[in-house]
file target_36.pdb (PDB, C-alpha atoms and all ligand atoms)
MODEL        1
ATOM      1  CA  ARG A   1     -23.371   9.062  23.159
ATOM      2  CA  THR A   2     -21.512  12.357  23.311
ATOM      3  CA  VAL A   3     -19.774  13.452  20.128
ATOM      4  CA  TYR A   4     -17.446  16.363  19.383
ATOM      5  CA  VAL A   5     -18.172  18.876  16.619
ATOM      6  CA  ASN A   6     -16.154  22.045  16.065
ATOM      7  CA  GLY A   7     -15.411  22.822  19.683
ATOM      8  CA  ASP A   8     -18.593  21.467  21.255
ATOM      9  CA  TYR A   9     -19.395  18.259  23.089
ATOM     10  CA  LEU A  10     -22.979  17.367  22.196
ATOM     11  CA  PRO A  11     -25.415  14.467  22.372
ATOM     12  CA  GLU A  12     -25.090  12.710  18.991
ATOM     13  CA  GLY A  13     -28.642  13.664  18.011
ATOM     14  CA  GLU A  14     -27.874  17.363  18.337
ATOM     15  CA  ALA A  15     -24.611  17.474  16.401
ATOM     16  CA  LYS A  16     -24.908  19.154  12.991
ATOM     17  CA  VAL A  17     -22.726  19.575   9.911
ATOM     18  CA  SER A  18     -23.579  21.816   6.929
ATOM     19  CA  VAL A  19     -25.022  20.320   3.745
ATOM     20  CA  PHE A  20     -22.279  22.291   1.953
ATOM     21  CA  ASP A  21     -19.542  20.502   3.836
ATOM     22  CA  ARG A  22     -16.889  19.403   1.344
ATOM     23  CA  GLY A  23     -16.463  16.153   3.205
ATOM     24  CA  PHE A  24     -20.081  15.351   2.388
ATOM     25  CA  LEU A  25     -20.099  16.747  -1.187
ATOM     26  CA  MET A  26     -16.607  15.803  -2.369
ATOM     27  CA  ALA A  27     -15.071  13.402   0.140
ATOM     28  CA  ASP A  28     -12.676  16.306   0.750
ATOM     29  CA  GLY A  29     -11.549  15.196   4.155
ATOM     30  CA  VAL A  30      -9.315  12.864   6.077
ATOM     31  CA  TYR A  31      -9.828  10.617   9.070
ATOM     32  CA  GLU A  32      -8.123   8.515  11.716
ATOM     33  CA  VAL A  33      -9.269   5.584  13.800
ATOM     34  CA  THR A  34      -7.466   5.136  17.113
ATOM     35  CA  SER A  35      -8.201   2.049  19.156
ATOM     36  CA  VAL A  36      -8.937   2.116  22.869
ATOM     37  CA  LEU A  37      -7.968  -0.775  25.130
ATOM     38  CA  GLY A  38      -8.631  -0.680  28.856
ATOM     39  CA  GLY A  39      -9.647   2.962  28.480
ATOM     40  CA  ARG A  40      -6.277   3.899  26.982
ATOM     41  CA  LEU A  41      -5.581   5.261  23.501
ATOM     42  CA  ILE A  42      -3.287   2.996  21.494
ATOM     43  CA  ASP A  43      -0.535   4.656  19.423
ATOM     44  CA  PHE A  44      -2.124   8.107  19.471
ATOM     45  CA  ASP A  45       1.164   9.782  18.466
ATOM     46  CA  GLY A  46       1.392   7.698  15.310
ATOM     47  CA  HIS A  47      -2.181   8.526  14.315
ATOM     48  CA  ALA A  48      -1.634  12.240  14.976
ATOM     49  CA  ALA A  49       1.540  12.239  12.872
ATOM     50  CA  ARG A  50      -0.204  10.495   9.968
ATOM     51  CA  LEU A  51      -3.155  12.896  10.260
ATOM     52  CA  ASP A  52      -0.775  15.849   9.976
ATOM     53  CA  ARG A  53       0.772  14.286   6.871
ATOM     54  CA  SER A  54      -2.614  13.512   5.237
ATOM     55  CA  LEU A  55      -3.733  17.104   5.804
ATOM     56  CA  THR A  56      -0.461  18.534   4.485
ATOM     57  CA  GLU A  57      -0.685  16.411   1.324
ATOM     58  CA  LEU A  58      -4.118  17.955   0.675
ATOM     59  CA  GLY A  59      -3.027  21.541   1.405
ATOM     60  CA  MET A  60      -4.644  21.626   4.828
ATOM     61  CA  THR A  61      -3.149  22.049   8.288
ATOM     62  CA  MET A  62      -3.789  20.559  11.710
ATOM     63  CA  PRO A  63      -6.803  22.312  13.281
ATOM     64  CA  MET A  64      -5.030  22.385  16.651
ATOM     65  CA  ALA A  65      -1.951  20.978  18.343
ATOM     66  CA  ALA A  66      -1.755  17.174  18.543
ATOM     67  CA  GLU A  67      -1.853  17.471  22.363
ATOM     68  CA  ASP A  68      -5.207  19.254  22.167
ATOM     69  CA  LEU A  69      -6.534  16.574  19.828
ATOM     70  CA  ARG A  70      -5.369  13.953  22.327
ATOM     71  CA  GLY A  71      -7.294  15.854  25.001
ATOM     72  CA  ILE A  72     -10.519  15.641  22.969
ATOM     73  CA  HIS A  73      -9.955  11.921  22.378
ATOM     74  CA  ARG A  74      -9.507  11.356  26.117
ATOM     75  CA  GLU A  75     -12.490  13.503  27.026
ATOM     76  CA  LEU A  76     -14.775  11.498  24.711
ATOM     77  CA  VAL A  77     -13.409   8.184  25.979
ATOM     78  CA  ALA A  78     -14.145   9.345  29.548
ATOM     79  CA  ARG A  79     -17.575  10.849  28.839
ATOM     80  CA  ASN A  80     -18.719   7.759  26.938
ATOM     81  CA  GLY A  81     -17.132   5.283  29.347
ATOM     82  CA  VAL A  82     -15.232   3.532  26.558
ATOM     83  CA  GLU A  83     -13.212   0.647  27.957
ATOM     84  CA  ASP A  84     -12.516  -1.148  24.668
ATOM     85  CA  GLY A  85     -13.412   0.390  21.332
ATOM     86  CA  MET A  86     -12.206   3.210  19.181
ATOM     87  CA  VAL A  87     -12.207   6.933  18.565
ATOM     88  CA  TYR A  88     -13.019   8.153  15.065
ATOM     89  CA  LEU A  89     -11.720  11.560  13.986
ATOM     90  CA  GLN A  90     -12.627  13.336  10.756
ATOM     91  CA  ILE A  91     -11.410  16.671   9.446
ATOM     92  CA  THR A  92     -12.808  18.169   6.256
ATOM     93  CA  ARG A  93     -12.003  21.315   4.300
ATOM     94  CA  GLY A  94     -15.151  22.825   5.748
ATOM     95  CA  ALA A  95     -18.341  24.263   4.326
ATOM     96  CA  PRO A  96     -17.953  27.138   1.865
ATOM     97  CA  ALA A  97     -21.098  29.078   0.878
ATOM     98  CA  ASP A  98     -21.512  27.167  -2.387
ATOM     99  CA  ARG A  99     -20.477  23.983  -4.081
ATOM    100  CA  ASP A 100     -17.331  24.633  -6.108
ATOM    101  CA  PHE A 101     -14.608  22.267  -7.321
ATOM    102  CA  ALA A 102     -11.872  24.767  -6.465
ATOM    103  CA  TYR A 103     -10.742  24.794  -2.849
ATOM    104  CA  PRO A 104     -12.278  27.573  -0.736
ATOM    105  CA  PRO A 105     -10.003  30.231   0.811
ATOM    106  CA  GLN A 106      -7.510  28.920   3.390
ATOM    107  CA  ASP A 107      -9.333  30.715   6.205
ATOM    108  CA  THR A 108     -12.527  28.654   5.676
ATOM    109  CA  PRO A 109     -13.033  26.886   9.027
ATOM    110  CA  GLN A 110     -12.439  23.159   8.832
ATOM    111  CA  THR A 111     -15.051  20.746  10.123
ATOM    112  CA  VAL A 112     -13.683  18.679  12.981
ATOM    113  CA  VAL A 113     -15.774  15.729  14.153
ATOM    114  CA  LEU A 114     -14.947  13.005  16.660
ATOM    115  CA  PHE A 115     -17.015  10.156  18.023
ATOM    116  CA  THR A 116     -16.419   6.928  19.887
ATOM    117  CA  GLN A 117     -17.537   3.359  19.344
ATOM    118  CA  ASN A 118     -17.766   0.996  22.261
ATOM    119  CA  LYS A 119     -16.640  -2.545  21.422
ATOM    120  CA  PRO A 120     -16.552  -4.605  24.591
ATOM    121  CA  GLY A 121     -14.095  -7.491  24.345
ATOM    122  CA  LEU A 122     -12.444  -5.989  21.262
ATOM    123  CA  ALA A 123      -9.104  -7.592  22.043
ATOM    124  CA  ASP A 124     -10.392 -11.150  22.280
ATOM    125  CA  SER A 125     -12.652 -11.262  19.276
ATOM    126  CA  PRO A 126     -13.659 -14.810  18.297
ATOM    127  CA  ALA A 127     -12.475 -14.051  14.739
ATOM    128  CA  ALA A 128      -8.903 -13.964  16.024
ATOM    129  CA  ARG A 129      -9.225 -17.570  17.180
ATOM    130  CA  THR A 130     -10.703 -18.896  13.939
ATOM    131  CA  GLY A 131      -9.029 -16.495  11.515
ATOM    132  CA  ILE A 132     -10.782 -14.720   8.660
ATOM    133  CA  ARG A 133     -11.331 -15.601   5.004
ATOM    134  CA  VAL A 134     -10.525 -13.141   2.245
ATOM    135  CA  ILE A 135     -11.191 -12.948  -1.462
ATOM    136  CA  SER A 136      -9.074 -11.051  -4.000
ATOM    137  CA  ILE A 137     -10.509  -8.167  -6.005
ATOM    138  CA  ASP A 138      -9.091  -5.572  -8.386
ATOM    139  CA  ASP A 139      -7.752  -2.483  -6.659
ATOM    140  CA  ARG A 140      -9.827   0.244  -8.269
ATOM    141  CA  ARG A 141      -9.122   3.033  -5.802
ATOM    142  CA  TRP A 142      -7.443   6.310  -6.689
ATOM    143  CA  GLY A 143      -3.662   6.637  -6.783
ATOM    144  CA  ARG A 144      -3.028   8.404  -3.454
ATOM    145  CA  ARG A 145      -3.857   5.669  -0.995
ATOM    146  CA  ASP A 146      -1.124   6.967   1.297
ATOM    147  CA  ILE A 147      -3.537   9.778   2.233
ATOM    148  CA  LYS A 148      -6.229   8.585   4.636
ATOM    149  CA  THR A 149      -9.185  10.246   2.910
ATOM    150  CA  VAL A 150     -12.857   9.570   3.542
ATOM    151  CA  GLN A 151     -13.323   8.251  -0.025
ATOM    152  CA  LEU A 152     -14.293   4.806   1.185
ATOM    153  CA  LEU A 153     -16.827   3.734  -1.415
ATOM    154  CA  TYR A 154     -14.602   1.228  -3.179
ATOM    155  CA  PRO A 155     -13.419  -0.394   0.075
ATOM    156  CA  SER A 156     -17.079  -0.520   1.053
ATOM    157  CA  MET A 157     -17.943  -2.256  -2.244
ATOM    158  CA  GLY A 158     -15.053  -4.632  -1.600
ATOM    159  CA  LYS A 159     -16.490  -5.664   1.767
ATOM    160  CA  MET A 160     -19.847  -6.301   0.082
ATOM    161  CA  MET A 161     -18.181  -8.421  -2.619
ATOM    162  CA  ALA A 162     -16.479 -10.404   0.164
ATOM    163  CA  LYS A 163     -19.785 -10.881   1.983
ATOM    164  CA  ALA A 164     -21.521 -11.992  -1.199
ATOM    165  CA  ALA A 165     -18.760 -14.583  -1.660
ATOM    166  CA  GLY A 166     -19.186 -15.849   1.909
ATOM    167  CA  ALA A 167     -15.874 -14.308   3.029
ATOM    168  CA  ASP A 168     -14.941 -11.675   5.603
ATOM    169  CA  ASP A 169     -12.823  -9.218   3.670
ATOM    170  CA  ALA A 170     -11.047  -8.568   0.390
ATOM    171  CA  TRP A 171      -7.400  -8.142  -0.544
ATOM    172  CA  MET A 172      -6.941  -5.758  -3.420
ATOM    173  CA  VAL A 173      -4.687  -6.559  -6.352
ATOM    174  CA  GLU A 174      -3.003  -4.132  -8.726
ATOM    175  CA  ASP A 175      -0.708  -5.142 -11.594
ATOM    176  CA  GLY A 176      -0.761  -8.709 -10.291
ATOM    177  CA  HIS A 177       0.326  -7.803  -6.761
ATOM    178  CA  VAL A 178      -1.543  -7.413  -3.487
ATOM    179  CA  THR A 179      -1.688  -3.826  -2.284
ATOM    180  CA  GLU A 180      -3.654  -4.159   0.973
ATOM    181  CA  GLY A 181      -6.984  -5.167   2.498
ATOM    182  CA  THR A 182     -10.067  -2.944   2.242
ATOM    183  CA  SER A 183      -9.221  -1.334   5.595
ATOM    184  CA  ASN A 184      -6.043  -3.066   6.721
ATOM    185  CA  ASN A 185      -2.518  -3.996   5.647
ATOM    186  CA  ALA A 186      -1.872  -7.490   4.245
ATOM    187  CA  TYR A 187       0.923  -9.935   5.133
ATOM    188  CA  ILE A 188       2.090 -13.432   4.355
ATOM    189  CA  VAL A 189       4.645 -15.597   6.137
ATOM    190  CA  ALA A 190       6.740 -17.780   3.834
ATOM    191  CA  GLY A 191       9.865 -19.733   4.748
ATOM    192  CA  GLY A 192       9.981 -17.978   8.114
ATOM    193  CA  THR A 193       9.922 -14.485   6.573
ATOM    194  CA  ILE A 194       7.126 -11.982   7.108
ATOM    195  CA  VAL A 195       6.310 -10.301   3.794
ATOM    196  CA  THR A 196       4.215  -7.152   3.401
ATOM    197  CA  ARG A 197       3.876  -4.550   0.660
ATOM    198  CA  ASP A 198       6.505  -1.793   0.623
ATOM    199  CA  LEU A 199       5.280   1.727   1.420
ATOM    200  CA  GLY A 200       4.472   4.256  -1.283
ATOM    201  CA  ASP A 201       1.435   6.036  -2.684
ATOM    202  CA  HIS A 202      -0.204   2.659  -3.481
ATOM    203  CA  ILE A 203      -1.025   1.763   0.169
ATOM    204  CA  LEU A 204      -1.759   3.387   3.498
ATOM    205  CA  SER A 205       1.168   3.448   5.888
ATOM    206  CA  GLY A 206      -0.558   1.617   8.726
ATOM    207  CA  ILE A 207       0.220   2.690  12.273
ATOM    208  CA  THR A 208      -0.351  -0.900  13.395
ATOM    209  CA  ARG A 209       1.904  -2.054  10.509
ATOM    210  CA  ALA A 210       4.755   0.129  11.788
ATOM    211  CA  ALA A 211       4.362  -1.190  15.345
ATOM    212  CA  VAL A 212       4.066  -4.840  14.300
ATOM    213  CA  LEU A 213       7.092  -4.688  11.983
ATOM    214  CA  ARG A 214       9.114  -3.069  14.764
ATOM    215  CA  PHE A 215       8.074  -5.779  17.249
ATOM    216  CA  ALA A 216       8.803  -8.508  14.678
ATOM    217  CA  ARG A 217      12.312  -7.171  14.051
ATOM    218  CA  GLU A 218      12.951  -6.796  17.777
ATOM    219  CA  ALA A 219      11.945 -10.458  18.167
ATOM    220  CA  GLN A 220      14.549 -11.358  15.491
ATOM    221  CA  MET A 221      11.888 -12.326  12.943
ATOM    222  CA  LYS A 222      12.791 -11.754   9.295
ATOM    223  CA  VAL A 223      10.778  -9.059   7.531
ATOM    224  CA  GLU A 224      10.647  -8.223   3.815
ATOM    225  CA  GLU A 225       8.751  -5.197   2.540
ATOM    226  CA  ARG A 226       7.939  -6.099  -1.061
ATOM    227  CA  ALA A 227       5.089  -6.899  -3.432
ATOM    228  CA  PHE A 228       3.636 -10.422  -3.474
ATOM    229  CA  THR A 229       1.007 -12.192  -5.587
ATOM    230  CA  ILE A 230      -2.186 -14.015  -4.632
ATOM    231  CA  ALA A 231      -0.597 -17.285  -5.824
ATOM    232  CA  GLU A 232       2.354 -16.664  -3.501
ATOM    233  CA  ALA A 233      -0.041 -15.895  -0.656
ATOM    234  CA  GLN A 234      -2.053 -19.073  -1.275
ATOM    235  CA  ALA A 235       1.158 -21.109  -1.148
ATOM    236  CA  ALA A 236       2.417 -19.323   2.003
ATOM    237  CA  ASP A 237       2.582 -20.880   5.479
ATOM    238  CA  GLU A 238       0.488 -18.101   7.011
ATOM    239  CA  ALA A 239      -1.306 -14.884   6.219
ATOM    240  CA  PHE A 240      -2.652 -12.066   8.369
ATOM    241  CA  ILE A 241      -3.799  -8.461   8.403
ATOM    242  CA  THR A 242      -3.199  -5.523  10.714
ATOM    243  CA  SER A 243      -5.201  -2.384  11.526
ATOM    244  CA  ALA A 244      -6.280  -0.285  14.483
ATOM    245  CA  SER A 245      -9.577  -2.164  14.594
ATOM    246  CA  THR A 246      -8.293  -5.733  14.127
ATOM    247  CA  PHE A 247      -4.743  -5.436  15.601
ATOM    248  CA  VAL A 248      -3.163  -8.621  14.187
ATOM    249  CA  MET A 249      -5.807 -10.888  12.621
ATOM    250  CA  PRO A 250      -4.965 -14.267  11.062
ATOM    251  CA  VAL A 251      -6.171 -14.971   7.511
ATOM    252  CA  VAL A 252      -6.936 -18.666   6.941
ATOM    253  CA  ALA A 253      -8.187 -18.731   3.332
ATOM    254  CA  ILE A 254      -7.691 -16.694   0.183
ATOM    255  CA  ASP A 255     -10.198 -17.152  -2.661
ATOM    256  CA  GLY A 256     -11.278 -20.400  -1.001
ATOM    257  CA  ALA A 257      -7.771 -21.882  -0.814
ATOM    258  CA  PRO A 258      -6.718 -22.688   2.752
ATOM    259  CA  ILE A 259      -3.491 -21.041   3.942
ATOM    260  CA  GLY A 260      -1.175 -23.556   5.602
ATOM    261  CA  ASP A 261      -3.400 -25.984   7.519
ATOM    262  CA  GLY A 262      -6.314 -23.526   7.386
ATOM    263  CA  THR A 263      -5.975 -22.381  10.985
ATOM    264  CA  PRO A 264      -4.296 -19.276  12.480
ATOM    265  CA  GLY A 265      -0.523 -19.649  12.203
ATOM    266  CA  PRO A 266       2.059 -19.369  14.999
ATOM    267  CA  VAL A 267       3.684 -16.165  13.703
ATOM    268  CA  ALA A 268       0.377 -14.301  13.480
ATOM    269  CA  ARG A 269      -0.684 -15.567  16.906
ATOM    270  CA  ARG A 270       2.656 -14.602  18.434
ATOM    271  CA  LEU A 271       2.603 -11.130  16.851
ATOM    272  CA  ARG A 272      -0.913 -10.578  18.162
ATOM    273  CA  GLU A 273       0.259 -11.465  21.687
ATOM    274  CA  ILE A 274       3.329  -9.243  21.417
ATOM    275  CA  TYR A 275       1.193  -6.395  20.087
ATOM    276  CA  PHE A 276      -1.081  -6.508  23.136
ATOM    277  CA  GLU A 277       1.844  -6.940  25.572
ATOM    278  CA  GLU A 278       3.704  -3.979  24.113
ATOM    279  CA  SER A 279       0.884  -1.552  23.486
ATOM    280  CA  ARG A 280      -1.274  -2.029  26.560
TER     281      ARG A 280
HETATM  282  N1  LIG A 301      -8.462   1.495   8.423
HETATM  283  N2  LIG A 301      -5.024   0.269   4.889
HETATM  284  C1  LIG A 301      -6.207   0.873   4.771
HETATM  285  C2  LIG A 301      -6.755   1.082   3.401
HETATM  286  C3  LIG A 301      -6.909   1.293   5.909
HETATM  287  O1  LIG A 301      -8.097   1.901   5.774
HETATM  288  C4  LIG A 301      -6.357   1.048   7.201
HETATM  289  C5  LIG A 301      -7.053   1.484   8.459
HETATM  290  C6  LIG A 301      -5.107   0.400   7.274
HETATM  291  C7  LIG A 301      -4.439   0.114   8.585
HETATM  292  O2  LIG A 301      -3.972   1.284   9.196
HETATM  293  P1  LIG A 301      -3.854   1.404  10.781
HETATM  294  O3  LIG A 301      -3.002   0.281  11.225
HETATM  295  O4  LIG A 301      -3.213   2.714  10.998
HETATM  296  O5  LIG A 301      -5.256   1.312  11.344
HETATM  297  C8  LIG A 301      -4.469   0.029   6.103
HETATM  298  C9  LIG A 301      -9.217   1.940   9.580
HETATM  299  C10 LIG A 301      -9.043   1.075  10.766
HETATM  300  C11 LIG A 301     -10.681   2.112   9.168
HETATM  301  O6  LIG A 301     -10.877   2.569   8.042
HETATM  302  O7  LIG A 301     -11.581   1.837   9.949
ENDMDL
END

call {"tool": "encode", "arguments": {"input": "target_36.pdb", "output": "structure tokens"}}
result
Amino acid sequence: RTVYVNGDYLPEGEAKVSVFDRGFLMADGVYEVTSVLGGRLIDFDGHAARLDRSLTELGMTMPMAAEDLRGIHRELVARNGVEDGMVYLQITRGAPADRDFAYPPQDTPQTVVLFTQNKPGLADSPAARTGIRVISIDDRRWGRRDIKTVQLLYPSMGKMMAKAAGADDAWMVEDGHVTEGTSNNAYIVAGGTIVTRDLGDHILSGITRAAVLRFAREAQMKVEERAFTIAEAQAADEAFITSASTFVMPVVAIDGAPIGDGTPGPVARRLREIYFEESR
């Protein structure tokens, strides 16, 4: 596989990052995951805009114009022959000479890394036909979840807790309300209305979320952006998640309680279809 590091395209085994990199030492970095379907980048503009915002919130700037970043994405997709899969992009505050809590000077070069992952058949994953099972866990992440940082240890622990419980993923709960999934936004469908958490610093503003809500509204579906509880979700007709890696994925059980009849619901299935029709 060819990867990109600070201006160079290299075989993955030859790519190097400093041990003093603040991404490595302090999780001082941000990332984006853009999906690739049929060799095409999905929603690149949205990912680039959110990247710019994440960097700005942390006192960093875009390392290059969004168009140039798009060029690197496309180059990697081409070089690695990615038909279906994703491009991962990470930007850190770079590698100052020593470990120090204070930010290094603004002119410290950032570390820019991109790689691809090939996932043949990504769009028709068997999980989409059966739906996934989630458990609920406390949301113990930091308070700026609107910034897409590489601090992914708690989400990683959440996935392990889900696995240990025989489930696929976890929905995180704060003050009695669902924030989001470990790496996706969470939704329920109740009384014909699609409900998902309102935006703020408590969740990531998903690029897939924005697209799906737009398509839902265009299709005259009712959408409410508000907090909901696990009990409300368990009593809902349907549940699903969205992200660049799962698109729209039905959720069929929460903490062991089946949602609706325990199979993927019509709204989630329809939104998944619309998502592929519109974004391909
Ligand atoms: N995760 N919420 C969280 C906490 C996320 O990490 C993600 C994305 C989302 C969905 O955002 P989007 O629709 O823009 O992918 C919501 C990516 C896919 C990941 O970490 O791999």

call {"tool": "residues_near_ligand", "arguments": {"input": "target_36.pdb", "ligand": "ligand LIG 301 (chain A)", "cutoff": "6 Å", "atoms": "all atoms listed in the file", "output": "PDB file with C-alpha atoms, in the coordinates of the input"}}
result
ATOM      1  CA  VAL A  33      -9.269   5.584  13.800  1.00  0.00           C
ATOM      2  CA  THR A 182     -10.067  -2.944   2.242  1.00  0.00           C
ATOM      3  CA  SER A 183      -9.221  -1.334   5.595  1.00  0.00           C
ATOM      4  CA  ASN A 184      -6.043  -3.066   6.721  1.00  0.00           C
ATOM      5  CA  ASN A 185      -2.518  -3.996   5.647  1.00  0.00           C
ATOM      6  CA  LEU A 204      -1.759   3.387   3.498  1.00  0.00           C
ATOM      7  CA  GLY A 206      -0.558   1.617   8.726  1.00  0.00           C
ATOM      8  CA  ILE A 207       0.220   2.690  12.273  1.00  0.00           C
ATOM      9  CA  THR A 208      -0.351  -0.900  13.395  1.00  0.00           C
ATOM     10  CA  ARG A 209       1.904  -2.054  10.509  1.00  0.00           C
ATOM     11  CA  THR A 242      -3.199  -5.523  10.714  1.00  0.00           C
ATOM     12  CA  SER A 243      -5.201  -2.384  11.526  1.00  0.00           C
ATOM     13  CA  ALA A 244      -6.280  -0.285  14.483  1.00  0.00           C
ATOM     14  CA  SER A 245      -9.577  -2.164  14.594  1.00  0.00           C
TER      15      SER A 245
END

call {"tool": "resolve_selection", "arguments": {"input": "target_36.pdb", "expression": "the PyMOL selection byres (((chain A and resi 271) around 12) and not hetatm)", "output": "compact mmCIF listing (two decimals) with C-alpha atoms, keeping the file's coordinate frame"}}
result
# COMPACT_ATOMS: atom_id res chain seq x y z
CA ALA A 128 -8.90 -13.96 16.02
CA TYR A 187 0.92 -9.94 5.13
CA VAL A 189 4.64 -15.60 6.14
CA ILE A 194 7.13 -11.98 7.11
CA THR A 208 -0.35 -0.90 13.40
CA ARG A 209 1.90 -2.05 10.51
CA ALA A 211 4.36 -1.19 15.34
CA VAL A 212 4.07 -4.84 14.30
CA LEU A 213 7.09 -4.69 11.98
CA ARG A 214 9.11 -3.07 14.76
CA PHE A 215 8.07 -5.78 17.25
CA ALA A 216 8.80 -8.51 14.68
CA ARG A 217 12.31 -7.17 14.05
CA GLU A 218 12.95 -6.80 17.78
CA ALA A 219 11.94 -10.46 18.17
CA MET A 221 11.89 -12.33 12.94
CA ALA A 239 -1.31 -14.88 6.22
CA PHE A 240 -2.65 -12.07 8.37
CA ILE A 241 -3.80 -8.46 8.40
CA THR A 242 -3.20 -5.52 10.71
CA PHE A 247 -4.74 -5.44 15.60
CA VAL A 248 -3.16 -8.62 14.19
CA MET A 249 -5.81 -10.89 12.62
CA PRO A 250 -4.96 -14.27 11.06
CA PRO A 264 -4.30 -19.28 12.48
CA GLY A 265 -0.52 -19.65 12.20
CA PRO A 266 2.06 -19.37 15.00
CA VAL A 267 3.68 -16.16 13.70
CA ALA A 268 0.38 -14.30 13.48
CA ARG A 269 -0.68 -15.57 16.91
CA ARG A 270 2.66 -14.60 18.43
CA ARG A 272 -0.91 -10.58 18.16
CA GLU A 273 0.26 -11.46 21.69
CA ILE A 274 3.33 -9.24 21.42
CA TYR A 275 1.19 -6.40 20.09
CA PHE A 276 -1.08 -6.51 23.14
CA GLU A 277 1.84 -6.94 25.57
CA GLU A 278 3.70 -3.98 24.11
CA SER A 279 0.88 -1.55 23.49

call {"tool": "closest_residue", "arguments": {"input": "target_36.pdb", "among": "A:Ile72, A:Ala66, A:Val87, A:Ala27", "to": "A:Asp8", "atoms": "only C-alpha atoms"}}
result
A:Ile72

call {"tool": "residues_around", "arguments": {"input": "target_36.pdb", "residues": "stretch 93-100 of chain A", "least_positions_apart": "3", "cutoff": "10 Å", "atoms": "all atoms listed in the file", "output": "short mmCIF file (atom, residue, chain, number, x, y, z; two decimals) with C-alpha atoms, keeping the file's coordinate frame"}}
result
data_model
loop_
_atom_site.label_atom_id
_atom_site.label_comp_id
_atom_site.auth_asym_id
_atom_site.auth_seq_id
_atom_site.Cartn_x
_atom_site.Cartn_y
_atom_site.Cartn_z
CA VAL A 17 -22.73 19.58 9.91
CA SER A 18 -23.58 21.82 6.93
CA VAL A 19 -25.02 20.32 3.74
CA PHE A 20 -22.28 22.29 1.95
CA ASP A 21 -19.54 20.50 3.84
CA ARG A 22 -16.89 19.40 1.34
CA GLY A 23 -16.46 16.15 3.20
CA PHE A 24 -20.08 15.35 2.39
CA LEU A 25 -20.10 16.75 -1.19
CA MET A 26 -16.61 15.80 -2.37
CA ALA A 27 -15.07 13.40 0.14
CA ASP A 28 -12.68 16.31 0.75
CA GLY A 29 -11.55 15.20 4.16
CA VAL A 30 -9.32 12.86 6.08
CA LEU A 55 -3.73 17.10 5.80
CA LEU A 58 -4.12 17.95 0.68
CA GLY A 59 -3.03 21.54 1.40
CA MET A 60 -4.64 21.63 4.83
CA THR A 61 -3.15 22.05 8.29
CA TYR A 103 -10.74 24.79 -2.85
CA PRO A 104 -12.28 27.57 -0.74
CA PRO A 105 -10.00 30.23 0.81
CA GLN A 106 -7.51 28.92 3.39
CA ASP A 107 -9.33 30.72 6.20
CA THR A 108 -12.53 28.65 5.68
CA PRO A 109 -13.03 26.89 9.03
CA GLN A 110 -12.44 23.16 8.83
CA THR A 111 -15.05 20.75 10.12
CA VAL A 112 -13.68 18.68 12.98
#

call {"tool": "resolve_selection", "arguments": {"input": "target_36.pdb", "expression": "the PyMOL selection byres (((chain A and resi 44) around 12) and not hetatm)", "output": "ChimeraX atom specification"}}
result
/A:32-36,40-43,45-51,66-74,86-89,207-208,244,279

call {"tool": "atom_distance", "arguments": {"input": "target_36.pdb", "atom1": "atom CA of A:Arg79", "atom2": "atom CA of A:Asn6"}}
result
17.0 Å

call {"tool": "atom_distance", "arguments": {"input": "target_36.pdb", "atom1": "atom CA of A:Asp175", "atom2": "atom CA of A:Arg140"}}
result
11.1 Å

call {"tool": "resolve_selection", "arguments": {"input": "target_36.pdb", "expression": "the PyMOL selection byres (((chain A and resi 150-166) around 10) and not hetatm)", "output": "number ranges by chain"}}
result
A: 23-24, 26-32, 90-92, 133-142, 145, 147-149, 167-172, 181-183, 255-256

call {"tool": "atom_distance", "arguments": {"input": "target_36.pdb", "atom1": "atom CA of A:Met62", "atom2": "atom CA of A:Ala102"}}
result
20.3 Å

call {"tool": "axis_aligned_box", "arguments": {"input": "target_36.pdb", "around": "stretch 95-104 of chain A", "padding_each_side": "5 Å", "output": "lines of an AutoDock Vina configuration file"}}
result
center_x = -16.1
center_y = 25.7
center_z = -1.5
size_x = 20.8
size_y = 16.8
size_z = 21.6

call {"tool": "build_atoms", "arguments": {"input": "target_36.pdb", "residues": "stretch 211-218 of chain A", "atoms": "N, CA and C atoms", "output": "mmCIF file, in the frame of the given file"}}
result
data_model
loop_
_atom_site.group_PDB
_atom_site.id
_atom_site.type_symbol
_atom_site.label_atom_id
_atom_site.label_comp_id
_atom_site.auth_asym_id
_atom_site.auth_seq_id
_atom_site.Cartn_x
_atom_site.Cartn_y
_atom_site.Cartn_z
ATOM 1 N N ALA A 211 4.114 -0.599 14.021
ATOM 2 C CA ALA A 211 4.362 -1.190 15.345
ATOM 3 C C ALA A 211 4.691 -2.674 15.214
ATOM 4 N N VAL A 212 3.892 -3.387 14.426
ATOM 5 C CA VAL A 212 4.066 -4.840 14.300
ATOM 6 C C VAL A 212 5.406 -5.177 13.641
ATOM 7 N N LEU A 213 5.798 -4.419 12.629
ATOM 8 C CA LEU A 213 7.092 -4.688 11.983
ATOM 9 C C LEU A 213 8.244 -4.409 12.953
ATOM 10 N N ARG A 214 8.079 -3.375 13.763
ATOM 11 C CA ARG A 214 9.114 -3.069 14.764
ATOM 12 C C ARG A 214 9.214 -4.218 15.776
ATOM 13 N N PHE A 215 8.056 -4.685 16.273
ATOM 14 C CA PHE A 215 8.074 -5.779 17.249
ATOM 15 C C PHE A 215 8.648 -7.050 16.614
ATOM 16 N N ALA A 216 8.304 -7.305 15.361
ATOM 17 C CA ALA A 216 8.803 -8.508 14.678
ATOM 18 C C ALA A 216 10.323 -8.459 14.573
ATOM 19 N N ARG A 217 10.849 -7.302 14.189
ATOM 20 C CA ARG A 217 12.312 -7.171 14.051
ATOM 21 C C ARG A 217 12.997 -7.289 15.402
ATOM 22 N N GLU A 218 12.373 -6.695 16.431
ATOM 23 C CA GLU A 218 12.951 -6.796 17.777
ATOM 24 C C GLU A 218 12.975 -8.244 18.252
#
